[in-house]
Amino acid sequence: MTSASAPLVSIRSLHKSYGPHIQVLKGLDIEMKPGERVVVIGPSGGGKSTLLRVMMGLEKIDSGSITFGGKPYISSANADAKTAINTDVRRSIGMVFQHYTLFPHLSVIQNLVLAPCKVRGEKKASATQRAQALLERFGLGGKANAFPAQLSGGQKQRVAIARALMLDPKLMLFDEVTSALDPELVAEVEQVILQLAEQNLPMMIVTHDMWFAKNIASRVIFCAGGVVVEDGPPEQVLGSPREERTRDFIDRVFHIKQ
Amino acid sequence: MNYTFDFNAVSLGPLLDGLIVTLKLTVAANIIGVVLGFPLALLIMSRVSAIRMPAMLFVEFFRCTPAIVQIVWFFYCVPMLFNVFLGSTTMGILALGLNLMAFNAEAYRASIQAVPREQVDAGIALGLNPLQRVLYIVLPNALRASVPVLLTNGIVIFQQSALVAIVAVQDLMYQAKTLATETYRPIETFTIAALIYFAVSFPVTQIVGHLERRRQVMTS
Ligand SMILES: Nc1ncnc2c1ncn2[C@@H]1O[C@H](COP(=O)(O)OP(=O)(O)O)[C@@H](O)[C@H]1O
Ligand SMILES: [Mg+2]
C-alpha cells in the first residue's frame with residue numbers, strides 16, 4: 001500500500017501541554033516521507049524534545065493525531081481524554097536520548113540483547129551474534145563485556161544507538177545525542193549516525209550542531225513557540241531562511257559556535 | 001586519678017558468648033528487615049490510600065519513636081495485648097526486625113524513586129512492557145542503589161541491639177554489665193565491649209564507603 005509518496009509519519013494538529021499553564025506544542029503539523037532525515041532546530045524550550053518524546057509514545061498529548069506507515073499511532077480528542085497509543089507501531093520506532101541511556105547494571109552486550117530477547121522472544125544466541133556484529137561495525141567489538149561506567153560518553157552513545165538498532169526500527173529519533181559529550185567525542189557519534197543515513201534509515205534529529213545538521217539532513221524544520229516556523233531543504237532553511245525568526249536563530253547559533 | 005587498669009580481670013569468654021547472641025539478633029533482624037522491608041516499600045508507594053496510609057503509619061511509628069521505647073513496649077505491651085510471649089530473644093528479634101523493616105522500607109522507596117526517569121523511558125523506547133520495565137530496569141537499578149543504605153541500617157541495628165540487654169536478653173551488652181558488676185571492673189569491661197562492637201562495625205562502614213564511592217563513579 002505504501003507508495004513512494006505516501007507519508008511515513010503524519011502529524012496533525014498536535015497540541016501538548018504540561019499542566020494547565022505550560023503549552024508546549026500548539027498545533028504542529030509535520031509530514032515525513034520514507035527515507036527522509038529531518039533535522040529539527042529551534043530555541044531551547046521550544047518543544048523539540050517534547051515533540052520527539054511524543055513521537056516515541058512517552059508523553060500524553062492534549063489533542064491531535066499521528067499516523068505511522070498509514071496506521072493510526074497516537075491520538076487524543078481533548079486534554080482530558082486518554083491518549084491512545086498503538087504499542088505495536090511504537091515498537092517500530094527507536095530513540096536515543098541525551099542522558100542516562102544505558103542500563104548501568106547490564107554489560108554492553110546485555111544492554112543490546114535485553115529487548116530483542118524479552119520483547120520479541122529472540123533466542124539469546126542469535127541476539128548475541130547480531131549484537132556482536134553491530135558492535136564491531138560501530139568500532140566497539142572489544143567492549144561487549146564492559147559495563148557502561150567503563151565507557152566514555154561517546155562510546156555510551158554509540159552503544160545506545162546500537163541497542164536501538166537491534167529492534168530494526170523503521171524510524172530513529174535522536175534527541176541532542178551529542179550535547180552532553182566532550183567536544184572531541186562528538187564526531188565518533190555523528191559518524192555512526194551518518195553511517196545509518198547512508199542506508200536510508202528514516203530519522204528525526206534534534207541538534208544544535210550546524211555542521212552535523214547540514215551533513216545529515218534531507219530536510220530541516222525550524223520549530224519555535226510550539227509551531228513549525230519554517231520547513232524546507234537544508235540549503236534553504238540553514239543557508240537562506242525565509243523567516244526572520246529562523247534567520248535570527250541561525251545567526252545566533254553560528255555566532256556562539258565561533 | 002591513680003586508677004590502675006587491669007584488663008586481665010575481665011574474662012573474654014562471657015563477652016564472646018554475648019557477641020554470638022548479639023550477632024544472632026543482628027542477622028535475624030536483618031533477614032526480617034531486608035526481606036520484608038521491600039514489600040513494605042511497595043505498600044508505602046501504593047496509589048491506594050487505604051493501603052498506603054497504614055503502611056506509612058507503621059513506618060513513621062518506628063522512625064519517630066526511640067528504639068528503646070519500642071523494645072520495652074514490645075516486651076511489656078505485646079504479651080498483655082495479644083496474650084503471647086515468645087521468649088526474650090524472639091521478642092528482641094521481632095522488635096529490632098520490625099524497626100529495621102521500617103527503615104529499610106524507606107531506603108528501598110528512596111532508591112526506587114531515584115531511578116532516573118530516562119531509564120524507564122529507554123525501556124519504553126525499547127518496547128518493554130510495564131512489568132518488564134520494573135523487573136529488568138527499575139528493580140535491579142534500585143536494589144543496587146539501596147545496598148549501602150541497607151548495610152548502614154544493618155550495622156545500626158547491630159549497635160541498637162545492645163538495648164535488648166535491658167529486657168534480659170543475654171547479648172554482649174548484658175554480659176558486659178554482668179561482668180562489670182562481678183569484677184568491679186566497669187571501665188575495662190565496657191572498654192573491651194566497645195572495642196568488640198567497633199571491630200565488627202568498622203569494616204562494614206568501610207565497605208559502605210567503598211560502595212558509595214564506586215556508585216558515584218558509576219552514575220556520573
Ligand atoms: N516534564 C515536564 N514538565 C513540565 N514542563 C516541562 C516538562 N518537560 C518540558 N517542559 C517544558 O516544556 C517546554 C519545552 O521543553 P522541551 O520540549 O524540552 O524543549 P527543547 O527540547 O526544545 O529545549 C519548556 O518550557 C520546558 O520547561
Ligand atoms: Mg531538548
# chains A, B, ... in the order shown; residues from 1 in each chain; ligands from 1
>>> residues_near_ligand(ligand="ligand 2", cutoff="12 Å", atoms="only C-alpha atoms and all ligand atoms", output="ChimeraX atom specification")
/A:24,40-53,97-99,174-180,205-208,223
>>> residues_around(residues="A:Gly57", least_positions_apart="6", cutoff="9 Å", atoms="only C-alpha atoms", output="PyMOL selection string")
(chain A and resi 73-74+85-87+90) or (chain B and resi 124-125)
>>> interface_residues(of="chain A", to="chain B", cutoff="8 Å", atoms="only C-alpha atoms", output="PyMOL selection string")
chain A and resi 56-58+87+90-91+93-97+99-105+115+118-119+148-150+164+167
>>> write_last_selection(atoms="N, CA, C and O atoms", output="short mmCIF file (atom, residue, chain, number, x, y, z; two decimals), in the first residue's frame")
data_model
loop_
_atom_site.label_atom_id
_atom_site.label_comp_id
_atom_site.auth_asym_id
_atom_site.auth_seq_id
_atom_site.Cartn_x
_atom_site.Cartn_y
_atom_site.Cartn_z
N MET A 56 7.76 9.17 20.32
CA MET A 56 8.20 7.88 20.88
C MET A 56 7.11 7.26 21.74
O MET A 56 7.26 6.14 22.22
N GLY A 57 6.02 7.99 21.93
CA GLY A 57 4.94 7.45 22.77
C GLY A 57 5.26 7.55 24.24
O GLY A 57 4.76 6.76 25.04
N LEU A 58 6.07 8.54 24.62
CA LEU A 58 6.43 8.69 26.03
C LEU A 58 5.57 9.72 26.74
O LEU A 58 5.64 9.84 27.96
N THR A 87 0.79 0.34 20.63
CA THR A 87 2.12 -0.09 21.07
C THR A 87 2.84 -0.94 20.02
O THR A 87 4.07 -1.01 20.03
N ARG A 90 4.54 1.57 18.04
CA ARG A 90 5.62 2.16 18.83
C ARG A 90 6.89 1.31 18.76
O ARG A 90 8.00 1.84 18.77
N ARG A 91 6.72 0.01 18.66
CA ARG A 91 7.90 -0.88 18.61
C ARG A 91 8.71 -0.71 17.33
O ARG A 91 9.84 -1.18 17.26
N ILE A 93 9.64 2.13 16.26
CA ILE A 93 10.36 3.40 16.37
C ILE A 93 11.43 3.26 17.46
O ILE A 93 11.18 2.66 18.50
N GLY A 94 12.62 3.77 17.17
CA GLY A 94 13.70 3.72 18.16
C GLY A 94 14.11 5.13 18.54
O GLY A 94 13.91 6.07 17.77
N MET A 95 14.67 5.27 19.75
CA MET A 95 15.07 6.61 20.18
C MET A 95 16.36 6.56 20.98
O MET A 95 16.59 5.62 21.74
N VAL A 96 17.17 7.59 20.80
CA VAL A 96 18.37 7.75 21.62
C VAL A 96 18.28 9.11 22.30
O VAL A 96 17.95 10.11 21.66
N PHE A 97 18.55 9.12 23.60
CA PHE A 97 18.38 10.32 24.41
C PHE A 97 19.73 10.98 24.69
O PHE A 97 20.78 10.43 24.37
N HIS A 99 20.87 11.70 27.85
CA HIS A 99 21.48 11.31 29.13
C HIS A 99 21.06 9.93 29.57
O HIS A 99 19.94 9.51 29.28
N TYR A 100 21.87 9.31 30.40
CA TYR A 100 21.49 8.11 31.16
C TYR A 100 20.79 7.08 30.31
O TYR A 100 19.78 6.51 30.69
N THR A 101 21.29 6.84 29.12
CA THR A 101 20.53 5.98 28.23
C THR A 101 20.77 4.50 28.50
O THR A 101 19.87 3.71 28.39
N LEU A 102 22.00 4.15 28.90
CA LEU A 102 22.29 2.72 29.07
C LEU A 102 21.88 2.25 30.45
O LEU A 102 21.86 3.03 31.39
N PHE A 103 21.56 0.96 30.54
CA PHE A 103 21.21 0.39 31.84
C PHE A 103 22.51 0.07 32.58
O PHE A 103 23.28 -0.79 32.14
N PRO A 104 22.77 0.75 33.70
CA PRO A 104 24.10 0.66 34.32
C PRO A 104 24.41 -0.71 34.90
O PRO A 104 25.57 -1.05 35.10
N HIS A 105 23.37 -1.49 35.18
CA HIS A 105 23.59 -2.79 35.82
C HIS A 105 23.82 -3.89 34.81
O HIS A 105 24.04 -5.04 35.18
N ALA A 115 16.12 -6.23 25.03
CA ALA A 115 14.83 -6.03 24.37
C ALA A 115 14.54 -7.10 23.31
O ALA A 115 13.45 -7.66 23.31
N LYS A 118 13.48 -10.22 25.30
CA LYS A 118 12.26 -10.11 26.11
C LYS A 118 11.06 -9.69 25.28
O LYS A 118 9.95 -10.13 25.52
N VAL A 119 11.27 -8.78 24.34
CA VAL A 119 10.13 -8.23 23.61
C VAL A 119 9.75 -9.13 22.43
O VAL A 119 8.59 -9.38 22.17
N PRO A 148 28.62 0.03 31.34
CA PRO A 148 28.51 1.42 30.90
C PRO A 148 29.45 2.36 31.64
O PRO A 148 30.02 3.26 31.03
N ALA A 149 29.66 2.12 32.95
CA ALA A 149 30.52 3.02 33.72
C ALA A 149 31.95 3.03 33.21
O ALA A 149 32.71 3.95 33.49
N GLN A 150 32.33 1.97 32.47
CA GLN A 150 33.71 1.90 32.00
C GLN A 150 33.89 2.54 30.63
O GLN A 150 34.98 2.50 30.07
N ALA A 164 19.29 0.46 20.10
CA ALA A 164 18.03 0.78 19.42
C ALA A 164 17.93 0.03 18.09
O ALA A 164 16.85 -0.44 17.71
N LEU A 167 16.41 -3.64 17.31
CA LEU A 167 14.99 -3.92 17.09
C LEU A 167 14.55 -3.56 15.68
O LEU A 167 13.36 -3.47 15.40
#
>>> closest_residue(among="B:Leu40, B:Val48, B:Met101, B:Ala9", to="B:Leu150", atoms="only C-alpha atoms")
B:Met101
>>> residues_around(residues="A:Pro202", least_positions_apart="3", cutoff="7 Å", atoms="only C-alpha atoms", output="list in words")
Pro34, Gly35, Glu36, Arg37, Lys170, Leu171 and Met172 of chain A
>>> write_last_selection(atoms="N, CA, C and O atoms", output="PDB file, in the first residue's frame")
ATOM      1  N   PRO A  34       9.051   8.463   3.534  1.00  0.00           N
ATOM      2  CA  PRO A  34      10.016   7.391   3.780  1.00  0.00           C
ATOM      3  C   PRO A  34      11.403   7.829   3.310  1.00  0.00           C
ATOM      4  O   PRO A  34      11.537   8.478   2.273  1.00  0.00           O
ATOM      5  N   GLY A  35      12.422   7.486   4.069  1.00  0.00           N
ATOM      6  CA  GLY A  35      13.783   7.807   3.676  1.00  0.00           C
ATOM      7  C   GLY A  35      14.219   9.212   4.029  1.00  0.00           C
ATOM      8  O   GLY A  35      15.376   9.561   3.829  1.00  0.00           O
ATOM      9  N   GLU A  36      13.321  10.015   4.554  1.00  0.00           N
ATOM     10  CA  GLU A  36      13.720  11.384   4.891  1.00  0.00           C
ATOM     11  C   GLU A  36      14.500  11.431   6.201  1.00  0.00           C
ATOM     12  O   GLU A  36      14.254  10.638   7.110  1.00  0.00           O
ATOM     13  N   ARG A  37      15.431  12.384   6.249  1.00  0.00           N
ATOM     14  CA  ARG A  37      16.148  12.642   7.502  1.00  0.00           C
ATOM     15  C   ARG A  37      15.873  14.082   7.887  1.00  0.00           C
ATOM     16  O   ARG A  37      16.408  15.017   7.279  1.00  0.00           O
ATOM     17  N   LYS A 170      11.960   1.290  12.107  1.00  0.00           N
ATOM     18  CA  LYS A 170      11.638   1.870  10.803  1.00  0.00           C
ATOM     19  C   LYS A 170      11.821   3.384  10.833  1.00  0.00           C
ATOM     20  O   LYS A 170      11.713   4.056   9.808  1.00  0.00           O
ATOM     21  N   LEU A 171      12.045   3.907  12.044  1.00  0.00           N
ATOM     22  CA  LEU A 171      12.297   5.340  12.224  1.00  0.00           C
ATOM     23  C   LEU A 171      13.145   5.499  13.479  1.00  0.00           C
ATOM     24  O   LEU A 171      12.880   4.862  14.489  1.00  0.00           O
ATOM     25  N   MET A 172      14.180   6.330  13.378  1.00  0.00           N
ATOM     26  CA  MET A 172      15.009   6.597  14.557  1.00  0.00           C
ATOM     27  C   MET A 172      14.867   8.050  14.978  1.00  0.00           C
ATOM     28  O   MET A 172      14.871   8.955  14.148  1.00  0.00           O
TER      29      MET A 172
END
>>> select_by_dssp(residues="stretch 66-147 of chain A", states="alpha helix (DSSP H)", output="ChimeraX atom specification")
/A:87-90,108-120,124-137
>>> closest_residue(among="B:Glu182, B:Glu60, B:Glu188, B:Asp6", to="B:Glu106", atoms="only C-alpha atoms")
B:Glu60
>>> closest_residue(among="A:Lys33, A:Gln23, A:Arg252, A:Ser126", to="A:Ser218", atoms="only C-alpha atoms")
A:Lys33
>>> residues_around(residues="B:Ile112", least_positions_apart="6", cutoff="9 Å", atoms="only C-alpha atoms", output="list in words")
Val138, Leu139, Asn141, Ala142, Leu143, Ala145 and Ser146 of chain B
>>> write_last_selection(atoms="all heavy atoms", output="mmCIF file, in the first residue's frame")
data_model
loop_
_atom_site.group_PDB
_atom_site.id
_atom_site.type_symbol
_atom_site.label_atom_id
_atom_site.label_comp_id
_atom_site.auth_asym_id
_atom_site.auth_seq_id
_atom_site.Cartn_x
_atom_site.Cartn_y
_atom_site.Cartn_z
ATOM 1 N N VAL B 138 13.942 -1.102 36.642
ATOM 2 C CA VAL B 138 13.772 -0.332 37.877
ATOM 3 C C VAL B 138 14.325 -1.093 39.085
ATOM 4 O O VAL B 138 15.127 -0.558 39.854
ATOM 5 C CB VAL B 138 12.288 0.027 38.105
ATOM 6 C CG1 VAL B 138 12.115 0.765 39.424
ATOM 7 C CG2 VAL B 138 11.773 0.880 36.951
ATOM 8 N N LEU B 139 13.918 -2.356 39.243
ATOM 9 C CA LEU B 139 14.349 -3.072 40.446
ATOM 10 C C LEU B 139 15.858 -3.311 40.509
ATOM 11 O O LEU B 139 16.471 -3.022 41.537
ATOM 12 C CB LEU B 139 13.567 -4.380 40.597
ATOM 13 C CG LEU B 139 12.099 -4.189 40.999
ATOM 14 C CD1 LEU B 139 11.463 -5.519 41.338
ATOM 15 C CD2 LEU B 139 11.967 -3.227 42.165
ATOM 16 N N ASN B 141 18.240 -1.623 39.192
ATOM 17 C CA ASN B 141 18.805 -0.298 39.445
ATOM 18 C C ASN B 141 18.657 0.088 40.909
ATOM 19 O O ASN B 141 19.595 0.515 41.572
ATOM 20 C CB ASN B 141 18.024 0.738 38.615
ATOM 21 C CG ASN B 141 18.827 1.284 37.461
ATOM 22 O OD1 ASN B 141 19.895 1.827 37.665
ATOM 23 N ND2 ASN B 141 18.315 1.139 36.260
ATOM 24 N N ALA B 142 17.410 -0.073 41.401
ATOM 25 C CA ALA B 142 17.092 0.397 42.747
ATOM 26 C C ALA B 142 17.755 -0.473 43.809
ATOM 27 O O ALA B 142 18.278 0.038 44.797
ATOM 28 C CB ALA B 142 15.576 0.403 42.950
ATOM 29 N N LEU B 143 17.757 -1.770 43.602
ATOM 30 C CA LEU B 143 18.331 -2.652 44.619
ATOM 31 C C LEU B 143 19.818 -2.377 44.778
ATOM 32 O O LEU B 143 20.346 -2.322 45.883
ATOM 33 C CB LEU B 143 18.074 -4.115 44.268
ATOM 34 C CG LEU B 143 16.598 -4.529 44.359
ATOM 35 C CD1 LEU B 143 16.409 -5.992 43.988
ATOM 36 C CD2 LEU B 143 16.036 -4.263 45.752
ATOM 37 N N ALA B 145 21.290 0.440 44.204
ATOM 38 C CA ALA B 145 21.448 1.733 44.875
ATOM 39 C C ALA B 145 21.160 1.618 46.366
ATOM 40 O O ALA B 145 21.702 2.376 47.164
ATOM 41 C CB ALA B 145 20.516 2.759 44.237
ATOM 42 N N SER B 146 20.320 0.660 46.759
ATOM 43 C CA SER B 146 19.930 0.605 48.161
ATOM 44 C C SER B 146 20.937 -0.151 49.024
ATOM 45 O O SER B 146 20.881 -0.042 50.250
ATOM 46 C CB SER B 146 18.534 -0.013 48.302
ATOM 47 O OG SER B 146 18.540 -1.326 47.802
#
